[in-house]
>>> print(open('start.tsv').read())   # TSV, C-alpha atoms and all ligand atoms
chain	number	residue	atom	x	y	z
H	1	MET	CA	81.34	-73.35	29.43
H	2	ILE	CA	80.26	-70.22	27.61
H	3	GLU	CA	78.53	-67.57	29.65
H	4	ALA	CA	77.52	-64.13	28.52
H	5	HIS	CA	75.80	-61.51	30.62
H	6	GLU	CA	74.05	-58.60	28.91
H	7	LEU	CA	76.68	-58.27	26.19
H	8	THR	CA	76.15	-55.01	24.34
H	9	LYS	CA	77.95	-53.44	21.40
H	10	VAL	CA	77.38	-49.93	20.18
H	11	PHE	CA	78.99	-48.83	16.90
H	12	ASP	CA	78.94	-45.03	16.52
H	13	GLY	CA	75.67	-44.69	18.41
H	14	PHE	CA	74.13	-47.74	16.71
H	15	GLU	CA	73.30	-50.60	19.08
H	16	ALA	CA	74.25	-53.71	17.08
H	17	VAL	CA	73.96	-56.09	20.05
H	18	LYS	CA	71.66	-55.38	22.99
H	19	LYS	CA	72.06	-57.12	26.34
H	20	VAL	CA	72.64	-60.61	24.99
H	21	SER	CA	72.84	-63.22	27.75
H	22	LEU	CA	73.77	-66.83	27.06
H	23	ASN	CA	74.66	-69.89	29.05
H	24	ILE	CA	76.02	-72.83	27.10
H	25	PRO	CA	76.91	-75.84	29.28
H	26	PRO	CA	79.92	-78.06	28.46
H	27	GLY	CA	79.29	-80.58	25.70
H	28	SER	CA	76.27	-78.84	24.26
H	29	VAL	CA	75.46	-77.00	21.06
H	30	LEU	CA	73.68	-73.65	20.89
H	31	ALA	CA	72.48	-72.57	17.47
H	32	VAL	CA	71.99	-68.85	17.02
H	33	LEU	CA	69.51	-67.94	14.31
H	34	GLY	CA	68.56	-64.58	12.93
H	35	PRO	CA	68.37	-62.49	9.78
H	36	ASN	CA	71.36	-60.72	8.23
H	37	GLY	CA	72.47	-57.80	10.36
H	38	ALA	CA	70.88	-59.21	13.53
H	39	GLY	CA	74.16	-59.09	15.45
H	40	LYS	CA	75.29	-62.73	15.29
H	41	THR	CA	78.82	-62.10	14.05
H	42	THR	CA	79.29	-59.16	16.41
H	43	THR	CA	78.30	-61.43	19.32
H	44	VAL	CA	80.73	-64.13	18.21
H	45	ARG	CA	83.50	-61.57	17.89
H	46	MET	CA	82.88	-60.27	21.41
H	47	LEU	CA	82.89	-63.82	22.79
H	48	THR	CA	86.33	-64.43	21.35
H	49	SER	CA	87.94	-61.19	22.55
H	50	ILE	CA	88.31	-59.95	18.97
H	51	LEU	CA	85.92	-57.11	19.71
H	52	GLU	CA	85.52	-55.31	23.01
H	53	PRO	CA	81.95	-55.14	24.32
H	54	THR	CA	80.54	-51.68	25.08
H	55	SER	CA	79.05	-53.20	28.23
H	56	GLY	CA	78.30	-56.59	29.73
H	57	TRP	CA	80.73	-59.45	30.21
H	58	ALA	CA	81.40	-62.99	29.11
H	59	THR	CA	83.51	-65.94	30.20
H	60	ILE	CA	84.73	-68.97	28.30
H	61	ALA	CA	85.83	-72.00	30.30
H	62	GLY	CA	85.88	-69.65	33.28
H	63	HIS	CA	88.15	-67.06	31.63
H	64	SER	CA	87.00	-63.52	31.14
H	65	VAL	CA	86.92	-62.30	27.54
H	66	LEU	CA	87.57	-58.82	28.93
H	67	THR	CA	90.62	-59.44	31.08
H	68	GLU	CA	92.05	-62.80	29.93
H	69	PRO	CA	91.94	-62.73	26.13
H	70	GLU	CA	95.03	-64.97	25.84
H	71	MET	CA	93.45	-67.71	27.97
H	72	VAL	CA	90.21	-67.40	26.03
H	73	ARG	CA	91.97	-67.78	22.69
H	74	ALA	CA	93.72	-70.91	23.93
H	75	LYS	CA	90.35	-72.49	24.74
H	76	VAL	CA	88.41	-71.39	21.69
H	77	GLY	CA	88.45	-72.25	18.02
H	78	VAL	CA	86.80	-69.63	15.85
H	79	LEU	CA	85.42	-69.61	12.37
H	80	THR	CA	84.17	-66.24	11.16
H	81	GLU	CA	83.54	-64.57	7.86
H	82	GLN	CA	86.31	-65.14	5.37
H	83	HIS	CA	88.44	-62.31	4.16
H	84	GLY	CA	90.62	-62.71	1.10
H	85	LEU	CA	93.88	-62.89	3.06
H	86	TYR	CA	96.70	-65.41	2.65
H	87	GLU	CA	95.73	-66.12	-0.98
H	88	ARG	CA	99.33	-66.80	-1.94
H	89	MET	CA	100.00	-69.25	0.89
H	90	LYS	CA	99.73	-72.99	0.48
H	91	ALA	CA	97.28	-74.64	2.85
H	92	ILE	CA	100.00	-76.49	4.71
H	93	GLU	CA	101.97	-73.25	5.20
H	94	TYR	CA	98.84	-71.46	6.34
H	95	LEU	CA	98.14	-74.08	9.00
H	96	ASP	CA	101.77	-74.07	10.08
H	97	PHE	CA	101.60	-70.30	10.44
H	98	PHE	CA	98.55	-70.50	12.72
H	99	GLY	CA	100.02	-73.44	14.63
H	100	ARG	CA	102.94	-71.16	15.51
H	101	ILE	CA	100.56	-68.46	16.71
H	102	TYR	CA	99.00	-71.09	18.97
H	103	ARG	CA	102.55	-71.97	20.11
H	104	MET	CA	102.30	-75.58	18.98
H	105	ASN	CA	105.56	-77.46	18.37
H	106	ALA	CA	106.56	-78.47	14.85
H	107	ALA	CA	105.60	-82.12	15.23
H	108	ASP	CA	102.12	-81.26	16.56
H	109	ARG	CA	101.57	-78.63	13.90
H	110	LYS	CA	102.27	-81.17	11.22
H	111	SER	CA	100.38	-84.13	12.67
H	112	ARG	CA	97.27	-82.12	13.59
H	113	SER	CA	97.23	-80.44	10.17
H	114	LEU	CA	97.44	-83.73	8.31
H	115	GLN	CA	94.89	-85.41	10.53
H	116	LEU	CA	92.32	-82.61	10.24
H	117	MET	CA	92.84	-82.10	6.50
H	118	GLU	CA	92.14	-85.81	6.10
H	119	ARG	CA	89.01	-85.55	8.23
H	120	PHE	CA	87.62	-82.81	6.00
H	121	ASP	CA	88.62	-84.44	2.71
H	122	LEU	CA	91.24	-81.84	1.93
H	123	THR	CA	94.37	-83.98	1.85
H	124	PHE	CA	94.53	-83.59	-1.94
H	125	ALA	CA	94.76	-79.80	-1.54
H	126	LEU	CA	97.50	-79.57	1.12
H	127	ASP	CA	99.92	-78.01	-1.37
H	128	LYS	CA	97.41	-75.84	-3.20
H	129	ARG	CA	97.51	-72.11	-2.71
H	130	LEU	CA	94.48	-70.64	-0.94
H	131	GLY	CA	93.83	-68.48	-3.99
H	132	ASP	CA	93.02	-71.70	-5.83
H	133	TYR	CA	90.65	-72.98	-3.17
H	134	SER	CA	86.90	-72.83	-3.83
H	135	LYS	CA	84.69	-71.02	-1.31
H	136	GLY	CA	83.57	-74.29	0.26
H	137	MET	CA	87.15	-75.56	0.49
H	138	LYS	CA	88.22	-72.33	2.16
H	139	GLN	CA	85.41	-72.73	4.64
H	140	LYS	CA	86.52	-76.25	5.48
H	141	LEU	CA	90.13	-75.09	5.78
H	142	ALA	CA	88.97	-72.35	8.16
H	143	LEU	CA	87.37	-75.06	10.26
H	144	VAL	CA	90.60	-77.07	10.25
H	145	ARG	CA	92.38	-73.93	11.39
H	146	ALA	CA	89.82	-73.37	14.16
H	147	MET	CA	90.41	-76.89	15.45
H	148	LEU	CA	94.18	-76.95	15.07
H	149	HIS	CA	95.02	-76.33	18.73
H	150	ASN	CA	92.39	-78.83	19.88
H	151	PRO	CA	90.13	-76.31	21.66
H	152	PRO	CA	87.28	-77.53	23.89
H	153	VAL	CA	85.04	-74.68	22.70
H	154	LEU	CA	84.20	-73.88	19.08
H	155	LEU	CA	82.46	-70.74	17.87
H	156	LEU	CA	81.43	-71.26	14.29
H	157	ASP	CA	79.88	-68.39	12.39
H	158	GLU	CA	77.87	-69.83	9.50
H	159	PRO	CA	80.09	-72.90	9.20
H	160	THR	CA	78.26	-74.46	6.26
H	161	SER	CA	77.36	-71.40	4.21
H	162	ALA	CA	78.78	-71.54	0.68
H	163	MET	CA	79.32	-75.28	0.97
H	164	ASP	CA	78.09	-77.92	-1.42
H	165	PRO	CA	75.68	-80.41	0.21
H	166	LEU	CA	78.33	-83.09	0.65
H	167	SER	CA	80.80	-80.77	2.38
H	168	ALA	CA	78.03	-79.36	4.55
H	169	LYS	CA	77.16	-82.87	5.65
H	170	LEU	CA	80.82	-83.59	6.42
H	171	VAL	CA	80.94	-80.53	8.63
H	172	ARG	CA	77.65	-81.36	10.38
H	173	ASP	CA	78.82	-84.92	11.03
H	174	ALA	CA	82.08	-83.57	12.43
H	175	ILE	CA	80.18	-81.24	14.78
H	176	ILE	CA	77.99	-84.10	15.99
H	177	GLU	CA	81.02	-86.33	16.63
H	178	LEU	CA	83.01	-83.61	18.35
H	179	GLN	CA	80.12	-82.93	20.67
H	180	ARG	CA	78.97	-86.48	21.32
H	181	ASP	CA	82.32	-88.27	21.49
H	182	GLU	CA	84.60	-85.53	22.75
H	183	GLN	CA	82.15	-83.38	24.74
H	184	ARG	CA	83.17	-80.18	23.00
H	185	THR	CA	80.99	-77.12	23.35
H	186	PHE	CA	79.64	-75.24	20.35
H	187	LEU	CA	78.04	-72.00	19.46
H	188	ILE	CA	77.08	-72.00	15.80
H	189	THR	CA	75.24	-69.42	13.79
H	190	THR	CA	73.30	-70.56	10.76
H	191	HIS	CA	70.52	-69.65	8.37
H	192	ASN	CA	69.74	-73.29	7.85
H	193	LEU	CA	66.87	-74.18	10.19
H	194	THR	CA	67.05	-77.90	9.46
H	195	GLU	CA	70.71	-77.81	10.33
H	196	ALA	CA	70.03	-75.97	13.58
H	197	GLN	CA	67.29	-78.43	14.48
H	198	SER	CA	69.52	-81.44	13.87
H	199	LEU	CA	72.63	-80.14	15.63
H	200	ALA	CA	71.54	-77.98	18.51
H	201	ASN	CA	70.48	-78.76	22.06
H	202	LYS	CA	69.28	-75.21	22.37
H	203	ILE	CA	68.27	-72.50	19.95
H	204	ALA	CA	68.54	-68.74	20.36
H	205	ILE	CA	66.78	-66.42	17.94
H	206	ILE	CA	68.27	-62.97	17.63
H	207	ARG	CA	66.72	-60.00	15.89
H	208	SER	CA	67.91	-56.38	15.73
H	209	GLY	CA	70.55	-57.20	18.33
H	210	ARG	CA	68.17	-58.71	20.88
H	211	ILE	CA	67.51	-62.34	21.75
H	212	ILE	CA	63.79	-62.73	21.24
H	213	ALA	CA	63.57	-66.43	22.10
H	214	GLN	CA	65.85	-69.02	23.64
H	215	GLY	CA	65.36	-72.65	24.68
H	216	THR	CA	65.23	-76.28	23.60
H	217	MET	CA	63.08	-77.22	20.62
H	218	ASP	CA	60.41	-78.56	22.99
H	219	GLU	CA	60.40	-75.44	25.12
H	220	LEU	CA	60.16	-73.17	22.10
H	221	ALA	CA	57.47	-75.31	20.52
H	222	ARG	CA	55.33	-75.16	23.66
H	223	GLN	CA	55.92	-71.47	24.14
H	224	PHE	CA	55.32	-70.32	20.58
H	225	VAL	CA	53.22	-72.86	18.73
H	226	GLY	CA	51.24	-74.13	21.66
H	227	GLU	CA	50.38	-77.55	23.07
H	228	PRO	CA	51.38	-80.73	21.22
H	229	MET	CA	49.29	-81.32	18.11
H	230	MET	CA	47.87	-84.63	16.92
H	231	GLU	CA	46.21	-85.73	13.73
H	232	LEU	CA	43.39	-88.24	13.69
H	233	ARG	CA	42.30	-90.07	10.55
H	234	VAL	CA	39.11	-92.11	10.41
H	235	ALA	CA	37.64	-94.65	8.00
H	236	GLY	CA	34.98	-92.96	5.89
H	237	VAL	CA	33.54	-89.53	6.51
H	238	MET	CA	33.39	-87.92	9.95
H	239	ASN	CA	30.00	-86.39	10.55
H	240	GLY	CA	30.19	-83.90	13.38
H	241	LEU	CA	32.99	-85.75	15.13
H	242	ALA	CA	34.79	-82.51	15.93
H	243	LYS	CA	31.79	-81.40	18.02
H	244	ASP	CA	31.52	-84.77	19.78
H	245	ILE	CA	35.08	-84.56	21.09
H	246	GLY	CA	35.23	-80.81	21.60
H	247	ASP	CA	35.07	-81.13	25.39
H	248	LEU	CA	38.19	-83.37	25.47
H	249	VAL	CA	40.55	-81.65	23.03
H	250	THR	CA	40.83	-78.43	21.05
H	251	VAL	CA	40.12	-79.18	17.41
H	252	THR	CA	42.01	-76.75	15.22
H	253	GLU	CA	41.42	-78.00	11.69
H	254	THR	CA	39.15	-80.52	9.99
H	255	GLY	CA	39.07	-82.29	6.63
H	256	ARG	CA	36.80	-84.88	5.07
H	257	ASP	CA	38.21	-87.85	7.00
H	258	TRP	CA	40.74	-86.20	9.31
H	259	LEU	CA	41.08	-83.60	11.99
H	260	ARG	CA	43.87	-81.99	13.96
H	261	PHE	CA	43.71	-81.12	17.61
H	262	GLN	CA	45.78	-79.75	20.45
H	263	VAL	CA	46.05	-81.77	23.59
H	264	ALA	CA	47.76	-80.71	26.81
H	265	GLU	CA	48.10	-84.21	28.34
H	266	PRO	CA	48.13	-86.80	25.54
H	267	GLN	CA	48.86	-89.67	27.96
H	268	THR	CA	45.54	-89.36	29.74
H	269	THR	CA	43.39	-87.64	27.13
H	270	ASN	CA	44.11	-89.77	24.05
H	271	PRO	CA	42.89	-93.10	25.52
H	272	ALA	CA	39.63	-91.43	26.64
H	273	LEU	CA	39.33	-89.84	23.23
H	274	LEU	CA	39.73	-93.17	21.44
H	275	ARG	CA	37.14	-94.83	23.69
H	276	ARG	CA	34.70	-92.00	22.97
H	277	ILE	CA	35.24	-92.28	19.21
H	278	ALA	CA	34.86	-96.07	19.26
H	279	GLY	CA	31.64	-95.63	21.23
H	280	LEU	CA	30.34	-93.39	18.46
H	281	GLY	CA	30.89	-96.23	16.00
H	282	VAL	CA	33.66	-94.41	14.12
H	283	ASP	CA	36.76	-96.44	13.11
H	284	VAL	CA	40.12	-94.79	13.68
H	285	VAL	CA	42.77	-95.39	11.01
H	286	THR	CA	45.66	-93.44	12.53
H	287	LEU	CA	46.37	-91.12	15.45
H	288	SER	CA	49.74	-89.46	15.03
H	289	PRO	CA	51.68	-86.58	16.53
H	290	ILE	CA	52.41	-83.63	14.29
H	291	THR	CA	56.03	-82.65	14.65
H	292	ARG	CA	56.55	-78.91	14.74
H	293	SER	CA	59.48	-77.81	12.66
H	294	LEU	CA	61.88	-75.12	13.71
H	295	GLU	CA	60.58	-73.16	10.73
H	296	ASP	CA	57.08	-73.04	12.24
H	297	ILE	CA	58.57	-71.86	15.52
H	298	TYR	CA	60.87	-69.32	13.90
H	299	LEU	CA	58.07	-67.76	11.87
H	300	GLN	CA	55.86	-67.52	14.93
H	301	VAL	CA	58.62	-66.00	17.07
H	302	VAL	CA	59.29	-63.35	14.46
H	303	LYS	CA	55.57	-62.68	14.03
H	304	GLU	CA	55.06	-62.18	17.75
H	305	ASP	CA	58.12	-59.96	17.94
H	306	GLU	CA	56.58	-57.80	15.25
H	307	GLY	CA	53.52	-57.47	17.44
H	308	GLY	CA	51.26	-59.61	15.28
H	309	THR	CA	50.01	-61.54	18.28
H	310	ASN	CA	46.34	-60.67	18.24
H	311	ASP	CA	45.29	-62.80	15.31
H	312	ASP	CA	44.42	-66.47	15.36
H	313	GLN	CA	47.12	-68.31	17.32
H	314	ARG	CA	47.10	-71.57	15.41
H	401	LIG	N1	82.65	-52.73	12.71
H	401	LIG	C1	81.41	-52.26	12.56
H	401	LIG	N2	81.14	-50.95	12.51
H	401	LIG	C2	79.88	-50.48	12.38
H	401	LIG	N3	78.80	-51.27	12.29
H	401	LIG	C3	78.97	-52.60	12.32
H	401	LIG	C4	80.29	-53.17	12.45
H	401	LIG	N4	80.16	-54.52	12.46
H	401	LIG	C5	78.84	-54.78	12.33
H	401	LIG	N5	78.13	-53.62	12.24
H	401	LIG	C6	76.66	-53.53	12.13
H	401	LIG	O1	76.09	-54.23	13.21
H	401	LIG	C7	74.93	-54.93	12.80
H	401	LIG	C8	75.09	-56.39	13.12
H	401	LIG	O2	76.03	-56.95	12.23
H	401	LIG	P1	76.48	-58.47	12.32
H	401	LIG	O3	76.85	-58.79	13.71
H	401	LIG	O4	77.52	-58.68	11.28
H	401	LIG	O5	75.14	-59.22	11.93
H	401	LIG	P2	74.89	-60.73	11.45
H	401	LIG	O6	76.17	-61.48	11.65
H	401	LIG	O7	73.78	-61.22	12.31
H	401	LIG	O8	74.50	-60.66	10.03
H	401	LIG	C9	74.76	-54.63	11.33
H	401	LIG	O9	73.84	-53.58	11.20
H	401	LIG	C10	76.14	-54.21	10.89
H	401	LIG	O10	76.07	-53.32	9.80
H	402	MG	MG	77.25	-62.58	10.30
>>> encode(input="start.tsv", output="structure tokens", more="lines below")
Ligand SMILES: Nc1ncnc2c1ncn2[C@@H]1O[C@H](COP(=O)(O)OP(=O)(O)O)[C@@H](O)[C@H]1O
Ligand SMILES: [Mg+2]
Amino acid sequence: MIEAHELTKVFDGFEAVKKVSLNIPPGSVLAVLGPNGAGKTTTVRMLTSILEPTSGWATIAGHSVLTEPEMVRAKVGVLTEQHGLYERMKAIEYLDFFGRIYRMNAADRKSRSLQLMERFDLTFALDKRLGDYSKGMKQKLALVRAMLHNPPVLLLDEPTSAMDPLSAKLVRDAIIELQRDEQRTFLITTHNLTEAQSLANKIAIIRSGRIIAQGTMDELARQFVGEPMMELRVAGVMNGLAKDIGDLVTVTETGRDWLRFQVAEPQTTNPALLRRIAGLGVDVVTLSPITRSLEDIYLQVVKEDEGGTNDDQR
């Protein structure tokens, strides 16, 4: 649905985006993560024909961002950084104005506006001027605007930044519904790793204009933080247990009555491990997987990108 091939943007000799390639299938969510200045917004702007790439190409719903900007805009809803425009307009006028740009008829402009304002809890502010909107309200209104013409693809640049927790949840729930129930396709940028983890099918990490990692959570976890990890807790104290199981699994950390290990094939190794431990007369209390957070992955990706790969990989 969204395809980018080696998108590159050079501003006055400065390469802000370097050969970014993406492939986002219909009905999926890609979360793009990266520090400030990494090139996220520039990428979003190129994907929506707002900004011309220096080289590379991209298509949205099969339409070229280079040669068919009108078609692309019809298919895409965009939320980007807010500029203090339209402060004197009332929300309902603002939406009507954009509805006209999208060539929607009067009845549709009105019904879609009311329906979406309701969805984002903004009905009470339909007649307020944008100058009187809070940052979070403006952000939600920008999302309403992005969705006004019912686009199958949404590019949302930091959709929940500046939002209070309740509004952020409203927006996340909307994204989940729009993907799951209506099969819409999303590219979102965010600094919120928990948010990315809960919304995205795939994650791309961008740094200094380059994508330094891309994949599903599982793929990234395997690639950057290694094999699945488990934690074993025993009753009492484990004397030398780590040594006794060292040929089956890779023990990475031990405590008084617990240890953590990496295991490539838990299905076959764990039963053998438990038999071995029982045979040693040690009682197991729990054996549980350790879930790797996106934060662990992110930190490791950045560390490896910085070249810090030669120290302890754990
Ligand atoms: N119009 C522009 N002219 C010159 N430099 C720009 C322009 N837009 C962005 N940049 C630079 O490109 C880099 C990437 O910016 P941006 O895409 O906004 O990053 P992000 O959204 O990841 O924070 C930054 O160094 C920024 O200063
Ligand atoms: Mg940005």
>>> residues_near_ligand(input="start.tsv", ligand="ligand LIG 401 (chain H)", cutoff="9 Å", atoms="only C-alpha atoms and all ligand atoms", output="PyMOL selection string")
chain H and resi 9-12+14-17+33-45+51+81+157-158+189+206-209
>>> atom_distance(input="start.tsv", atom1="atom CA of H:Met1", atom2="atom CA of H:Ile60")
5.7 Å
>>> residues_around(input="start.tsv", residues="H:Leu116", least_positions_apart="6", cutoff="8 Å", atoms="only C-alpha atoms", output="CSV table (one decimal) with C-alpha atoms, in the frame of the given file")
chain,number,residue,atom,x,y,z
H,144,VAL,CA,90.6,-77.1,10.2
H,147,MET,CA,90.4,-76.9,15.4
H,148,LEU,CA,94.2,-77.0,15.1
>>> closest_residue(input="start.tsv", among="H:Thr80, H:Thr160, H:Thr185, H:Ser55", to="ligand MG 402 (chain H)", atoms="only C-alpha atoms and all ligand atoms")
H:Thr80
>>> residues_around(input="start.tsv", residues="stretch 234-245 of chain H", least_positions_apart="4", cutoff="6 Å", atoms="only C-alpha atoms", output="list in words")
Arg256, Asp257, Asp283, Val284 and Val285 of chain H
>>> closest_residue(input="start.tsv", among="H:Ser21, H:Thr190, H:Gln214, H:Asn150", to="H:Leu178", atoms="all atoms listed in the file")
H:Asn150
>>> atom_distance(input="start.tsv", atom1="atom CA of H:Phe124", atom2="atom CA of H:Asp108")
20.1 Å
>>> atom_distance(input="start.tsv", atom1="atom CA of H:Ser288", atom2="atom CA of H:Glu231")
5.3 Å
>>> closest_residue(input="start.tsv", among="H:Leu273, H:Leu143, H:Leu166, H:Leu156", to="ligand MG 402 (chain H)", atoms="all atoms listed in the file")
H:Leu156
>>> closest_residue(input="start.tsv", among="H:Met217, H:Asn201, H:Ala4, H:Gln223", to="H:Ser293", atoms="all atoms listed in the file")
H:Met217
>>> closest_residue(input="start.tsv", among="H:Met230, H:Thr48, H:Gln197, H:Ala278", to="H:Glu253", atoms="all atoms listed in the file")
H:Met230
>>> closest_residue(input="start.tsv", among="H:His5, H:His191, H:Arg109, H:His63", to="ligand MG 402 (chain H)", atoms="all atoms listed in the file")
H:His191
>>> residues_around(input="start.tsv", residues="H:Val76", least_positions_apart="2", cutoff="7 Å", atoms="all atoms listed in the file", output="PyMOL selection string")
chain H and resi 72-74+78+151-154
>>> residues_near_point(input="start.tsv", point="(79.4, -74.7, -2.0)", cutoff="8 Å", atoms="all atoms listed in the file", output="PyMOL selection string")
chain H and resi 134-136+161-165+167
>>> axis_aligned_box(input="start.tsv", around="stretch 193-196 of chain H", padding_each_side="5 Å", output="JSON")
{"center_x": 68.8, "center_y": -76.0, "center_z": 11.5, "size_x": 13.8, "size_y": 13.7, "size_z": 14.1}
>>> residues_near_point(input="start.tsv", point="(42.6, -83.2, 28.6)", cutoff="12 Å", atoms="all atoms listed in the file", output="PDB file with C-alpha atoms, keeping the file's coordinate frame")
ATOM      1  CA  GLU H 227      50.380 -77.550  23.070  1.00  0.00           C
ATOM      2  CA  PRO H 228      51.380 -80.730  21.220  1.00  0.00           C
ATOM      3  CA  ILE H 245      35.080 -84.560  21.090  1.00  0.00           C
ATOM      4  CA  GLY H 246      35.230 -80.810  21.600  1.00  0.00           C
ATOM      5  CA  ASP H 247      35.070 -81.130  25.390  1.00  0.00           C
ATOM      6  CA  LEU H 248      38.190 -83.370  25.470  1.00  0.00           C
ATOM      7  CA  VAL H 249      40.550 -81.650  23.030  1.00  0.00           C
ATOM      8  CA  THR H 250      40.830 -78.430  21.050  1.00  0.00           C
ATOM      9  CA  PHE H 261      43.710 -81.120  17.610  1.00  0.00           C
ATOM     10  CA  GLN H 262      45.780 -79.750  20.450  1.00  0.00           C
ATOM     11  CA  VAL H 263      46.050 -81.770  23.590  1.00  0.00           C
ATOM     12  CA  ALA H 264      47.760 -80.710  26.810  1.00  0.00           C
ATOM     13  CA  GLU H 265      48.100 -84.210  28.340  1.00  0.00           C
ATOM     14  CA  PRO H 266      48.130 -86.800  25.540  1.00  0.00           C
ATOM     15  CA  GLN H 267      48.860 -89.670  27.960  1.00  0.00           C
ATOM     16  CA  THR H 268      45.540 -89.360  29.740  1.00  0.00           C
ATOM     17  CA  THR H 269      43.390 -87.640  27.130  1.00  0.00           C
ATOM     18  CA  ASN H 270      44.110 -89.770  24.050  1.00  0.00           C
ATOM     19  CA  PRO H 271      42.890 -93.100  25.520  1.00  0.00           C
ATOM     20  CA  ALA H 272      39.630 -91.430  26.640  1.00  0.00           C
ATOM     21  CA  LEU H 273      39.330 -89.840  23.230  1.00  0.00           C
TER      22      LEU H 273
END
>>> residues_around(input="start.tsv", residues="H:Leu299", least_positions_apart="6", cutoff="10 Å", atoms="all atoms listed in the file", output="list of chain:residue names")
H:Phe224, H:Val225, H:Asp305
>>> decode(input="start.tsv", residues="stretch 42-80 of chain H", atoms="C-alpha atoms", output="PDB file, in the first residue's frame")
ATOM      1  CA  THR H  42      11.018  14.744   6.035  1.00  0.00           C
ATOM      2  CA  THR H  43      10.203  11.148   5.046  1.00  0.00           C
ATOM      3  CA  VAL H  44       6.502  11.659   5.768  1.00  0.00           C
ATOM      4  CA  ARG H  45       6.499  14.857   3.739  1.00  0.00           C
ATOM      5  CA  MET H  46       8.088  13.110   0.758  1.00  0.00           C
ATOM      6  CA  LEU H  47       5.561  10.274   0.978  1.00  0.00           C
ATOM      7  CA  THR H  48       2.699  12.732   0.700  1.00  0.00           C
ATOM      8  CA  SER H  49       4.069  14.744  -2.237  1.00  0.00           C
ATOM      9  CA  ILE H  50       4.510  17.809  -0.026  1.00  0.00           C
ATOM     10  CA  LEU H  51       8.256  17.635  -0.531  1.00  0.00           C
ATOM     11  CA  GLU H  52      10.058  16.430  -3.633  1.00  0.00           C
ATOM     12  CA  PRO H  53      12.670  13.730  -3.027  1.00  0.00           C
ATOM     13  CA  THR H  54      16.210  14.438  -4.242  1.00  0.00           C
ATOM     14  CA  SER H  55      16.296  10.841  -5.462  1.00  0.00           C
ATOM     15  CA  GLY H  56      14.396   7.600  -5.032  1.00  0.00           C
ATOM     16  CA  TRP H  57      10.682   7.051  -5.515  1.00  0.00           C
ATOM     17  CA  ALA H  58       7.556   6.091  -3.635  1.00  0.00           C
ATOM     18  CA  THR H  59       4.034   4.948  -4.419  1.00  0.00           C
ATOM     19  CA  ILE H  60       0.864   5.064  -2.361  1.00  0.00           C
ATOM     20  CA  ALA H  61      -1.980   2.766  -3.348  1.00  0.00           C
ATOM     21  CA  GLY H  62      -0.102   2.318  -6.613  1.00  0.00           C
ATOM     22  CA  HIS H  63       0.168   6.050  -7.356  1.00  0.00           C
ATOM     23  CA  SER H  64       3.518   7.711  -7.737  1.00  0.00           C
ATOM     24  CA  VAL H  65       4.252  10.525  -5.296  1.00  0.00           C
ATOM     25  CA  LEU H  66       6.450  12.021  -8.002  1.00  0.00           C
ATOM     26  CA  THR H  67       4.068  12.083 -10.946  1.00  0.00           C
ATOM     27  CA  GLU H  68       0.566  11.676  -9.460  1.00  0.00           C
ATOM     28  CA  PRO H  69       0.452  13.955  -6.414  1.00  0.00           C
ATOM     29  CA  GLU H  70      -3.294  14.593  -6.829  1.00  0.00           C
ATOM     30  CA  MET H  71      -4.108  10.878  -6.742  1.00  0.00           C
ATOM     31  CA  VAL H  72      -1.811  10.403  -3.768  1.00  0.00           C
ATOM     32  CA  ARG H  73      -3.488  13.189  -1.816  1.00  0.00           C
ATOM     33  CA  ALA H  74      -6.897  11.658  -2.467  1.00  0.00           C
ATOM     34  CA  LYS H  75      -5.738   8.380  -0.912  1.00  0.00           C
ATOM     35  CA  VAL H  76      -3.805   9.761   2.030  1.00  0.00           C
ATOM     36  CA  GLY H  77      -4.692  11.508   5.249  1.00  0.00           C
ATOM     37  CA  VAL H  78      -1.779  13.378   6.785  1.00  0.00           C
ATOM     38  CA  LEU H  79      -1.054  14.719  10.208  1.00  0.00           C
ATOM     39  CA  THR H  80       2.197  16.656  10.506  1.00  0.00           C
TER      40      THR H  80
END
